[in-house]
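Below: one structure, written as structure tokens.
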Amino acid sequence: MLIRNAEIGIARARLVDLRIADGRIAAIAAHLQPRPGETVIDAGGAALLPSLHDHHLHLQSFAAAQDSLACGPPQLRDAESLQQALHRRHAELGAGEWLRGVGYHESVAGDIDRDWLDRCGPARPLRIQHRSGRLWIMNSPALTALGVDNGGDVPLERDARGRYTGRLYDADDWLRARRPRTQPSLWAISRRLAAHGVTGVTDTTPDNGPETLQRFESAIAEGGLLQDVLMMGDARLDQHIGGSGAVRRGAHKFHLHDADLPDFDALCAAIRRSHVAGRGTAFHCVSRTDLTFALAALTEAGVTPSDRIEHAGVTPPDLLGWMRELGVAVVSQPGFIAERGDAYLTDVDVDERIWLYRLRAFLDAGVTLAGSTDAPFGDANPWKAMQAAVTRRTERGVVLGAEECLSPEQALDLFLMPADLSERVVRRVQAGAAADLCLLDRPWRQARESLHTVMPRMTFKRGLLIAGLG
Ligand SMILES: [Zn+2]
């Protein structure tokens with residue numbers, strides 16, 4: 001295949017012809033002659049970039065969210081609209097079907113519980129996930145359907161009188177065992193990611209195990225999942241070596257939460273075991289306390305180039321210095337500033353706001369930084385996340401942490417980092433490289449002005465067109 005008139009090289013852009021053969025970039029030159037029968041694509045001067053890698057998302061939750069009602073901003077902003085949406089959805093569902101909501105945030109209707117849902121929602125099993133992904137809120141019919149309305153040893157929150165509030169924290173395993181759900185197809189979300197130019201993802205779900213790895217491998221083999229996957233998961237994957245190549249085993253993921261931190265020595269032992277198994281570790285760190293705990297554990301257990309911090313939601317200077325010393329990478333979600341920034345402005349202490357989801361500071365300190373969307377907990381469009389990294393503008397237009405703004409080129413590079421961050425080198429369009437490519441709809445000098453409006457024309461993985469019209 002020959003792509004003609006493509007703009008490559010961001011800093012010093014030039015128009016070239018580029019040949020793809022056997023899944024690789026075979027040649028790049030000012031002019032290449034088409035071979036007999038060769039497919040020729042005219043890029044018309046548009047930018048040809050390496051395809052993107054989303055370094056932190058959750059494929060299965062993303063697929064499930066497609067069938068769910070959005071229960072938070074920007075779709076819904078107040079109690080009344082939530083109530084209406086729940087009843088509208090109720091009318092569309094069959095008898096006995098569960099109504100599943102996602103993306104709830106307390107700015108909509110406060111700390112809602114079973115009683116609120118019973119009062120305001122429809123009379124069918126109903127569960128709503130908080131946008132943090134850690135909390136499910138269920139109504140009474142849902143508790144009945146789960147068989148837990150009569151008490152017993154269940155992880156549901158109770159009120160002062162011992163009655164279930166319908167709120168269930170960090171108990172996806174328990175919920176899944178009670179209510180095995182039919183696995184949603186990955187096809188639609190995979191196509192959507194491909195349309196954004198994404199050919200690789202890191203699935204960072206902490207309870208991924210061998211069966212999920214198997215599932216992703218089958219989906220790829222059957223053509224239902226187009227992306228390469230680096231799959232994080234729990235300790236079970238320490239024993240799991242190999243894989244088809246399309247799904248690679250990723251880090252041992254620890255979901256730290258400052259209100260309920262794990263035993264420090266046990267955490268260090270688990271880190272050591274994963275390291276011995278040739279595996280990195282990754283830590284969900286939203287608060288300052290989470291991050292301090294993770295860095296202390298890595299300092300104690302030892303650090304490898306594959307260890308990483310997810311989110312780094314609050315990073316004061318002393319912790320930044322510690323991260324640099326340890327050499328851990330950071331995977332940030334720049335889109336959160338746009339999507340959640342207005343909530344941060346009310347929820348986060350003034351003195352901590354300048355340390356929220358920092359970007360520039362990590363680059364300046366020489367800390368390896370990669371970008372992600374955290375779909376479905378953030379918007380899955382990486383171009384929107386890039387734009388947020390450039391503007392740091394909240395929905396209401398407030399600039400949050402202006403010092404942390406990146407240039408459009410730096411923002412792009414966050415998604416051009418290799419899946420394995422220990423390699424630490426940004427991918428570029430060059431002869432010999434894998435033909436994982438993304439042809440934009442415009443030259444880079446136009447794209448950089450409004451990254452959020454970029455719509456890739458075509459996406460190639462190993463030279464095969466996986467999105468766009470050939
Ligand atoms: Zn996540």
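Residues are referred to by chain and number: the chain letter is A, B, ... according to the order shown in the structure tokens, the number counts from 1 in that chain, and ligands are numbered separately from 1 in the order shown.
Residues of protein or nucleic acid lying within 8 Å of ligand 1, counting only C-alpha atoms and all ligand atoms, are His56, Leu57, His58, Gly133, Thr204, Thr205, His284, Glu310, Asp374, Ala375 and Phe377 of chain A.
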Could you save those same residues with N, CA and C atoms as a compact mmCIF listing (two decimals), in the first residue's frame?
# COMPACT_ATOMS: atom_id res chain seq x y z
N HIS A 56 -4.61 3.90 29.99
CA HIS A 56 -5.37 3.51 31.19
C HIS A 56 -6.86 3.58 30.86
N LEU A 57 -7.46 2.43 30.69
CA LEU A 57 -8.91 2.38 30.55
C LEU A 57 -9.40 1.00 30.97
N HIS A 58 -10.71 0.80 30.87
CA HIS A 58 -11.33 -0.43 31.35
C HIS A 58 -12.27 -0.94 30.27
N GLY A 133 -16.14 4.61 40.04
CA GLY A 133 -16.08 3.18 39.76
C GLY A 133 -16.05 2.33 41.02
N THR A 204 -6.52 -1.41 32.86
CA THR A 204 -5.95 -1.28 34.21
C THR A 204 -6.89 -1.77 35.30
N THR A 205 -7.84 -2.61 34.95
CA THR A 205 -8.81 -3.10 35.93
C THR A 205 -8.12 -3.99 36.96
N HIS A 284 -3.13 2.83 41.98
CA HIS A 284 -4.17 3.85 41.82
C HIS A 284 -3.98 4.85 42.96
N GLU A 310 -0.82 5.41 38.70
CA GLU A 310 -2.00 5.79 37.92
C GLU A 310 -2.63 7.03 38.57
N ASP A 374 -9.14 6.87 30.79
CA ASP A 374 -9.85 6.17 31.86
C ASP A 374 -11.30 5.85 31.47
N ALA A 375 -11.54 5.67 30.18
CA ALA A 375 -12.89 5.28 29.75
C ALA A 375 -13.29 3.99 30.47
N PHE A 377 -14.81 5.94 32.69
CA PHE A 377 -14.95 6.93 33.76
C PHE A 377 -14.57 8.32 33.28
So that I can check the secondary structure, give me every residue of range 18-247 of chain A assigned strand (DSSP E) by backbone DSSP, as a compact mmCIF listing (two decimals) with N, CA and C atoms, in the first residue's frame.
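See out12.txt below for the written result:
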# COMPACT_ATOMS: atom_id res chain seq x y z
N LEU A 18 4.71 7.19 1.47
CA LEU A 18 5.10 6.17 2.45
C LEU A 18 4.51 4.83 2.03
N ARG A 19 5.37 3.83 2.00
CA ARG A 19 4.90 2.50 1.58
C ARG A 19 4.78 1.58 2.78
N ILE A 20 3.68 0.84 2.83
CA ILE A 20 3.46 -0.15 3.88
C ILE A 20 3.54 -1.53 3.25
N ALA A 21 4.36 -2.38 3.83
CA ALA A 21 4.46 -3.76 3.36
C ALA A 21 4.69 -4.67 4.55
N ARG A 24 4.69 -3.29 8.09
CA ARG A 24 5.70 -2.32 8.52
C ARG A 24 5.76 -1.14 7.56
N ILE A 25 6.40 -0.09 8.00
CA ILE A 25 6.66 1.03 7.11
C ILE A 25 7.90 0.64 6.31
N ALA A 26 7.69 0.34 5.03
CA ALA A 26 8.79 -0.22 4.23
C ALA A 26 9.68 0.89 3.68
N ALA A 27 9.09 2.02 3.34
CA ALA A 27 9.90 3.09 2.76
C ALA A 27 9.22 4.43 2.96
N ILE A 28 10.03 5.46 3.10
CA ILE A 28 9.52 6.84 3.14
C ILE A 28 10.42 7.65 2.21
N ALA A 29 9.81 8.37 1.28
CA ALA A 29 10.62 9.18 0.37
C ALA A 29 9.76 10.31 -0.17
N VAL A 40 -3.35 2.77 -3.61
CA VAL A 40 -2.76 4.10 -3.39
C VAL A 40 -3.78 4.98 -2.67
N ILE A 41 -3.33 5.59 -1.59
CA ILE A 41 -4.20 6.51 -0.85
C ILE A 41 -3.57 7.89 -0.92
N ASP A 42 -4.36 8.89 -1.31
CA ASP A 42 -3.83 10.25 -1.34
C ASP A 42 -4.20 10.95 -0.04
N LEU A 48 0.16 12.40 9.02
CA LEU A 48 0.18 10.96 9.27
C LEU A 48 1.00 10.75 10.53
N LEU A 49 0.33 10.26 11.57
CA LEU A 49 0.97 10.12 12.88
C LEU A 49 1.06 8.65 13.26
N PRO A 50 1.90 8.34 14.24
CA PRO A 50 1.79 7.01 14.83
C PRO A 50 0.39 6.90 15.45
N LEU A 52 -2.48 5.88 18.24
CA LEU A 52 -2.45 6.22 19.66
C LEU A 52 -2.52 4.97 20.55
N HIS A 53 -1.97 5.10 21.74
CA HIS A 53 -2.16 4.08 22.77
C HIS A 53 -2.81 4.77 23.96
N ASP A 54 -3.94 4.25 24.40
CA ASP A 54 -4.60 4.77 25.60
C ASP A 54 -4.08 3.98 26.79
N HIS A 55 -3.34 4.67 27.67
CA HIS A 55 -2.57 3.97 28.69
C HIS A 55 -3.35 3.58 29.95
N HIS A 56 -4.61 3.90 29.99
CA HIS A 56 -5.37 3.51 31.19
C HIS A 56 -6.86 3.58 30.86
N LEU A 57 -7.46 2.43 30.69
CA LEU A 57 -8.91 2.38 30.55
C LEU A 57 -9.40 1.00 30.97
N LEU A 69 -27.40 3.75 31.52
CA LEU A 69 -27.87 5.13 31.53
C LEU A 69 -26.81 6.03 32.17
N ALA A 70 -26.46 7.11 31.49
CA ALA A 70 -25.52 8.08 32.06
C ALA A 70 -26.24 8.85 33.16
N LEU A 99 -32.12 -2.07 35.64
CA LEU A 99 -31.74 -0.78 35.07
C LEU A 99 -30.36 -0.44 35.63
N ARG A 100 -29.42 -0.22 34.73
CA ARG A 100 -28.04 0.01 35.16
C ARG A 100 -27.66 1.44 34.81
N GLY A 101 -27.24 2.18 35.81
CA GLY A 101 -26.79 3.56 35.58
C GLY A 101 -25.31 3.68 35.86
N VAL A 102 -24.65 4.60 35.21
CA VAL A 102 -23.21 4.81 35.45
C VAL A 102 -22.91 6.30 35.53
N GLY A 103 -21.73 6.60 36.06
CA GLY A 103 -21.23 7.98 36.02
C GLY A 103 -21.88 8.92 37.02
N TYR A 104 -22.46 8.35 38.10
CA TYR A 104 -23.12 9.24 39.06
C TYR A 104 -22.10 10.09 39.82
N LEU A 126 -32.53 -1.77 40.32
CA LEU A 126 -31.85 -0.59 39.81
C LEU A 126 -30.51 -0.47 40.51
N ARG A 127 -29.47 -0.32 39.75
CA ARG A 127 -28.18 -0.03 40.38
C ARG A 127 -27.46 1.05 39.60
N ILE A 128 -26.86 1.95 40.36
CA ILE A 128 -26.17 3.09 39.74
C ILE A 128 -24.73 3.11 40.25
N GLN A 129 -23.81 3.20 39.31
CA GLN A 129 -22.39 3.23 39.68
C GLN A 129 -21.92 4.67 39.82
N HIS A 130 -21.19 4.93 40.89
CA HIS A 130 -20.55 6.24 41.04
C HIS A 130 -19.44 6.36 40.01
N LEU A 135 -18.20 2.56 43.79
CA LEU A 135 -19.44 2.51 44.57
C LEU A 135 -20.62 2.20 43.67
N TRP A 136 -21.44 1.23 44.13
CA TRP A 136 -22.74 0.99 43.50
C TRP A 136 -23.82 1.39 44.49
N ILE A 137 -24.87 2.00 43.98
CA ILE A 137 -26.00 2.36 44.83
C ILE A 137 -27.21 1.59 44.28
N MET A 138 -27.87 0.84 45.17
CA MET A 138 -28.96 -0.02 44.71
C MET A 138 -30.26 0.29 45.44
N LEU A 156 -22.42 -4.83 52.05
CA LEU A 156 -23.21 -3.61 51.91
C LEU A 156 -23.06 -2.69 53.13
N GLU A 157 -23.06 -1.41 52.87
CA GLU A 157 -23.01 -0.43 53.96
C GLU A 157 -24.32 -0.50 54.76
N ARG A 158 -24.21 -0.30 56.10
CA ARG A 158 -25.41 -0.26 56.94
C ARG A 158 -25.51 1.10 57.61
N TYR A 164 -29.46 -1.92 55.65
CA TYR A 164 -28.66 -1.65 54.45
C TYR A 164 -29.05 -0.31 53.82
N THR A 165 -28.03 0.46 53.45
CA THR A 165 -28.30 1.75 52.81
C THR A 165 -28.40 1.60 51.29
N GLY A 166 -28.07 0.41 50.80
CA GLY A 166 -28.07 0.19 49.36
C GLY A 166 -26.74 0.57 48.72
N ARG A 167 -25.82 1.05 49.54
CA ARG A 167 -24.51 1.48 48.99
C ARG A 167 -23.49 0.36 49.19
N LEU A 168 -22.81 0.05 48.12
CA LEU A 168 -21.88 -1.07 48.10
C LEU A 168 -20.54 -0.57 47.58
N TYR A 169 -19.53 -0.61 48.45
CA TYR A 169 -18.22 -0.09 48.07
C TYR A 169 -17.25 -1.20 47.68
N VAL A 198 -6.92 4.91 17.88
CA VAL A 198 -6.31 4.10 18.95
C VAL A 198 -6.11 2.66 18.47
N THR A 199 -4.87 2.19 18.49
CA THR A 199 -4.60 0.79 18.11
C THR A 199 -4.08 -0.04 19.28
N GLY A 200 -3.92 0.59 20.43
CA GLY A 200 -3.47 -0.16 21.61
C GLY A 200 -4.03 0.45 22.87
N VAL A 201 -4.31 -0.42 23.85
CA VAL A 201 -4.82 0.08 25.13
C VAL A 201 -4.17 -0.68 26.27
N THR A 202 -4.11 -0.03 27.42
CA THR A 202 -3.72 -0.70 28.64
C THR A 202 -4.97 -0.81 29.50
N ASP A 203 -5.40 -2.05 29.75
CA ASP A 203 -6.57 -2.26 30.60
C ASP A 203 -6.08 -2.34 32.03
N ASP A 228 -4.40 -3.89 20.29
CA ASP A 228 -3.47 -4.64 21.14
C ASP A 228 -3.81 -4.28 22.58
N VAL A 229 -3.65 -5.25 23.47
CA VAL A 229 -3.99 -4.98 24.86
C VAL A 229 -2.81 -5.33 25.77
N LEU A 230 -2.48 -4.38 26.62
CA LEU A 230 -1.59 -4.66 27.75
C LEU A 230 -2.53 -4.75 28.94
N MET A 231 -2.60 -5.92 29.56
CA MET A 231 -3.62 -6.12 30.58
C MET A 231 -3.04 -6.23 31.98
N MET A 232 -3.35 -5.23 32.80
CA MET A 232 -3.00 -5.32 34.22
C MET A 232 -3.98 -6.27 34.90
N GLY A 233 -3.70 -6.57 36.14
CA GLY A 233 -4.63 -7.42 36.88
C GLY A 233 -4.08 -7.72 38.26
N VAL A 247 -2.39 -9.92 23.49
CA VAL A 247 -2.66 -9.49 24.85
C VAL A 247 -1.42 -9.79 25.68
Mind giving me the straight-line distance from CA of Val108 in chain A to CA of Tyr344 in chain A in Å, one decimal?
-> 14.6 Å
Closest of A:Arg88, A:Ser407, A:Ala435, A:Pro125 to Leu2 in chain A - atom-to-atom distances counting only C-alpha atoms | A:Ala435
Find the residue from A:Gln227, A:Gln430, A:Gln84, A:Gln183 that sits nearest to Gly9 in chain A; use only C-alpha atoms when measuring.
-> A:Gln430
Name the residues in contact with Ala365 in chain A at a cut-off of 8 Å, using only C-alpha atoms, excluding same-chain residues fewer than 4 positions from it; report them as a PyMOL selection string.
-> chain A and resi 320-321+324+361
Filtering to C-alpha atoms, could you give me those residues as a CSV table (one decimal), in the first residue's frame?
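out.csv, freshly written:
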chain,number,residue,atom,x,y,z
A,320,LEU,CA,7.3,14.8,42.9
A,321,GLY,CA,11.0,14.7,43.9
A,324,ARG,CA,11.8,11.2,40.2
A,361,ALA,CA,5.8,19.5,36.3
Just list the residues in range 332-460 of chain A DSSP gives alpha helix (DSSP H) on the backbone, as a PyMOL selection string.
-> chain A and resi 335-347+350-353+360-365+382-391+408-414+444-447
A straight line from CA of Val314 in chain A to CA of Val425 in chain A spans 25.5 Å
Which neighbours of range 184-192 of chain A fall inside 9 Å, counting only C-alpha atoms, when residues of the same chain fewer than 3 positions from it are skipped, and could you give them as an MDAnalysis selection string?
-> chainID A and resid 59:64 66:67 181 195:198 216 219 223:227 380:381 466:467
How about saving the chosen residues, N, CA and C atoms kept, as a PDB file, in the first residue's frame?
ATOM      1  N   LEU A  59     -11.799  -1.902  29.485  1.00  0.00           N
ATOM      2  CA  LEU A  59     -12.569  -2.337  28.313  1.00  0.00           C
ATOM      3  C   LEU A  59     -13.947  -2.893  28.673  1.00  0.00           C
ATOM      4  N   GLN A  60     -13.985  -3.784  29.672  1.00  0.00           N
ATOM      5  CA  GLN A  60     -15.278  -4.439  29.957  1.00  0.00           C
ATOM      6  C   GLN A  60     -16.283  -3.451  30.548  1.00  0.00           C
ATOM      7  N   SER A  61     -15.816  -2.586  31.431  1.00  0.00           N
ATOM      8  CA  SER A  61     -16.724  -1.574  31.988  1.00  0.00           C
ATOM      9  C   SER A  61     -17.178  -0.614  30.893  1.00  0.00           C
ATOM     10  N   PHE A  62     -16.272  -0.314  29.995  1.00  0.00           N
ATOM     11  CA  PHE A  62     -16.596   0.593  28.885  1.00  0.00           C
ATOM     12  C   PHE A  62     -17.695  -0.036  28.026  1.00  0.00           C
ATOM     13  N   ALA A  63     -17.521  -1.324  27.727  1.00  0.00           N
ATOM     14  CA  ALA A  63     -18.540  -2.005  26.917  1.00  0.00           C
ATOM     15  C   ALA A  63     -19.879  -2.049  27.660  1.00  0.00           C
ATOM     16  N   ALA A  64     -19.814  -2.333  28.968  1.00  0.00           N
ATOM     17  CA  ALA A  64     -21.054  -2.407  29.755  1.00  0.00           C
ATOM     18  C   ALA A  64     -21.720  -1.039  29.831  1.00  0.00           C
ATOM     19  N   GLN A  66     -21.970   1.116  27.668  1.00  0.00           N
ATOM     20  CA  GLN A  66     -22.719   1.449  26.453  1.00  0.00           C
ATOM     21  C   GLN A  66     -24.199   1.130  26.601  1.00  0.00           C
ATOM     22  N   ASP A  67     -24.482   0.103  27.434  1.00  0.00           N
ATOM     23  CA  ASP A  67     -25.882  -0.291  27.626  1.00  0.00           C
ATOM     24  C   ASP A  67     -26.481   0.368  28.860  1.00  0.00           C
ATOM     25  N   ARG A 181     -23.099 -11.375  35.024  1.00  0.00           N
ATOM     26  CA  ARG A 181     -23.722 -10.670  33.904  1.00  0.00           C
ATOM     27  C   ARG A 181     -23.231 -11.265  32.603  1.00  0.00           C
ATOM     28  N   ALA A 195     -11.706   4.421  15.597  1.00  0.00           N
ATOM     29  CA  ALA A 195     -12.071   5.643  14.881  1.00  0.00           C
ATOM     30  C   ALA A 195     -11.355   6.865  15.454  1.00  0.00           C
ATOM     31  N   HIS A 196     -10.972   6.795  16.721  1.00  0.00           N
ATOM     32  CA  HIS A 196     -10.191   7.888  17.326  1.00  0.00           C
ATOM     33  C   HIS A 196      -8.700   7.744  17.031  1.00  0.00           C
ATOM     34  N   GLY A 197      -8.325   6.667  16.349  1.00  0.00           N
ATOM     35  CA  GLY A 197      -6.908   6.471  16.034  1.00  0.00           C
ATOM     36  C   GLY A 197      -6.172   5.599  17.027  1.00  0.00           C
ATOM     37  N   VAL A 198      -6.922   4.905  17.881  1.00  0.00           N
ATOM     38  CA  VAL A 198      -6.305   4.100  18.946  1.00  0.00           C
ATOM     39  C   VAL A 198      -6.112   2.657  18.474  1.00  0.00           C
ATOM     40  N   PHE A 216     -10.069 -11.566  26.278  1.00  0.00           N
ATOM     41  CA  PHE A 216      -9.529 -10.565  25.355  1.00  0.00           C
ATOM     42  C   PHE A 216      -8.834 -11.253  24.181  1.00  0.00           C
ATOM     43  N   ALA A 219     -11.432 -12.507  21.850  1.00  0.00           N
ATOM     44  CA  ALA A 219     -12.065 -11.389  21.129  1.00  0.00           C
ATOM     45  C   ALA A 219     -11.161 -10.895  20.006  1.00  0.00           C
ATOM     46  N   GLY A 223     -11.780 -11.221  15.885  1.00  0.00           N
ATOM     47  CA  GLY A 223     -11.968  -9.942  15.206  1.00  0.00           C
ATOM     48  C   GLY A 223     -12.907  -8.991  15.938  1.00  0.00           C
ATOM     49  N   GLY A 224     -13.305  -9.336  17.156  1.00  0.00           N
ATOM     50  CA  GLY A 224     -14.210  -8.479  17.925  1.00  0.00           C
ATOM     51  C   GLY A 224     -13.487  -7.433  18.750  1.00  0.00           C
ATOM     52  N   LEU A 225     -12.171  -7.503  18.756  1.00  0.00           N
ATOM     53  CA  LEU A 225     -11.368  -6.500  19.474  1.00  0.00           C
ATOM     54  C   LEU A 225     -10.171  -6.176  18.586  1.00  0.00           C
ATOM     55  N   LEU A 226     -10.092  -4.916  18.173  1.00  0.00           N
ATOM     56  CA  LEU A 226      -9.116  -4.527  17.156  1.00  0.00           C
ATOM     57  C   LEU A 226      -7.785  -4.077  17.745  1.00  0.00           C
ATOM     58  N   GLN A 227      -7.789  -3.722  19.029  1.00  0.00           N
ATOM     59  CA  GLN A 227      -6.588  -3.138  19.626  1.00  0.00           C
ATOM     60  C   GLN A 227      -5.672  -4.202  20.241  1.00  0.00           C
ATOM     61  N   ALA A 380     -13.979   8.798  26.245  1.00  0.00           N
ATOM     62  CA  ALA A 380     -13.030   7.898  25.575  1.00  0.00           C
ATOM     63  C   ALA A 380     -12.267   8.549  24.432  1.00  0.00           C
ATOM     64  N   ASN A 381     -12.584   9.789  24.105  1.00  0.00           N
ATOM     65  CA  ASN A 381     -11.915  10.447  22.976  1.00  0.00           C
ATOM     66  C   ASN A 381     -10.576  11.043  23.422  1.00  0.00           C
ATOM     67  N   ILE A 466      -8.118  -0.387  10.107  1.00  0.00           N
ATOM     68  CA  ILE A 466      -9.109  -0.829  11.104  1.00  0.00           C
ATOM     69  C   ILE A 466     -10.183   0.222  11.346  1.00  0.00           C
ATOM     70  N   ALA A 467     -10.014   1.409  10.778  1.00  0.00           N
ATOM     71  CA  ALA A 467     -11.088   2.402  10.843  1.00  0.00           C
ATOM     72  C   ALA A 467     -10.925   3.362   9.697  1.00  0.00           C
TER      73      ALA A 467
END
Give me, as a tab-separated table, each residue of range 405-437 of chain A that comes within 12 Å of range 270-283 of chain A, together with its shortest interatomic pair and the distance in Å at one decimal, counting only C-alpha atoms, with rows ordered by chain and rising residue number.
residue	atom	partner	partner_atom	distance
A:Asp420	CA	A:Gly280	CA	9.9
A:Leu421	CA	A:Gly280	CA	10.3
A:Ser422	CA	A:Gly280	CA	9.4
What lies within 9 Å of Phe362 in chain A using only C-alpha atoms, ignoring chain neighbours under 5 positions off, as a PyMOL selection string?
-> chain A and resi 320+324+330+367-369+404
